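*Asks:* I'd like to ask some things about the structure below.
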Amino acid sequence: MGEVQGQGDESQWDHRRRFIRVMEGIPLFCVVFLFLPAGTLAWGRGWGFLLVCWTMEMIALQYLERTNPALLTGRSHLFYPGTKRWDKVLLSILLPVVLTIFPLAAVDNQRFQWSTMPWWLSACGYLLLLFGFWLSTWAGRVNKFA
């Protein structure tokens with residue numbers, strides 16, 4: 001019985017460590033992929049994006065920790081033994097492409113201001129972002145293979 005309790009404590013500690021890493025990682029990611037390309041820390045839209053993403057991720061992690069903690073453990077690695085080759089190829093292409101969006105947005109919006117974005121379109125984008133976070137969190141909750 002004490003062994004099971006110790007394992008539960010260890011699992012809880014693992015979840016807390018993962019949570020702390022993500023909460024520290026999002027601001028670090030934004031500094032590297034948003035604020036450095038923007039050339040300034042005085043970028044309101046960048047800070048707004050950071051706040052929204054950080055808050056949504058914190059809520060999603062806490063929710064999934066209560067409802068499907070195995071999912072969080074499963075997402076701690078990109079590849080596992082037995083991962084199909086086409087999954088590895090797809091991810092090796094998709095990940096750099098997706099990561100390019102952030103510095104490109106920073107350079108466009110803050111540094112060179114190549115394009116303008118009306119507030120209502122930006123608000124629509126945030127609504128879609130919220131929906132996407134909700135959808136992926138819901139999928140993780142109901143599908144143990146998500």
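Residue numbers start at 1 in each chain; chains themselves are named A, B, ... in the order of the structure tokens; ligands are numbered from 1 in the order shown.
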Near stretch 18-23 of chain A, within 10 Å and counting only C-alpha atoms, which residues show up once chain neighbours fewer than 6 positions away are dropped, as a PyMOL selection string?
*Replies:* chain A and resi 12+29+54-55+57-58+61-62+65+72-73+76
*Asks:* Distance atom CA of A:Val32-atom CA of A:Thr116, one decimal place?
*Replies:* 23.1 Å
*Asks:* Rank A:Leu95, A:Leu121, A:Ala105, A:Leu71 by their smallest atom-to-atom distance to A:Cys30, using only C-alpha atoms, and report the top residue only.
*Replies:*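 Checking each candidate against A:Cys30, we get A:Ala105 as the closest.
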*Asks:* Using backbone DSSP assignments, extract all helix (DSSP H, G or I) residues from stretch 19-116 of chain A; output them as a ChimeraX atom specification.
*Replies:* /A:19-38,44-67,69-74,85-112
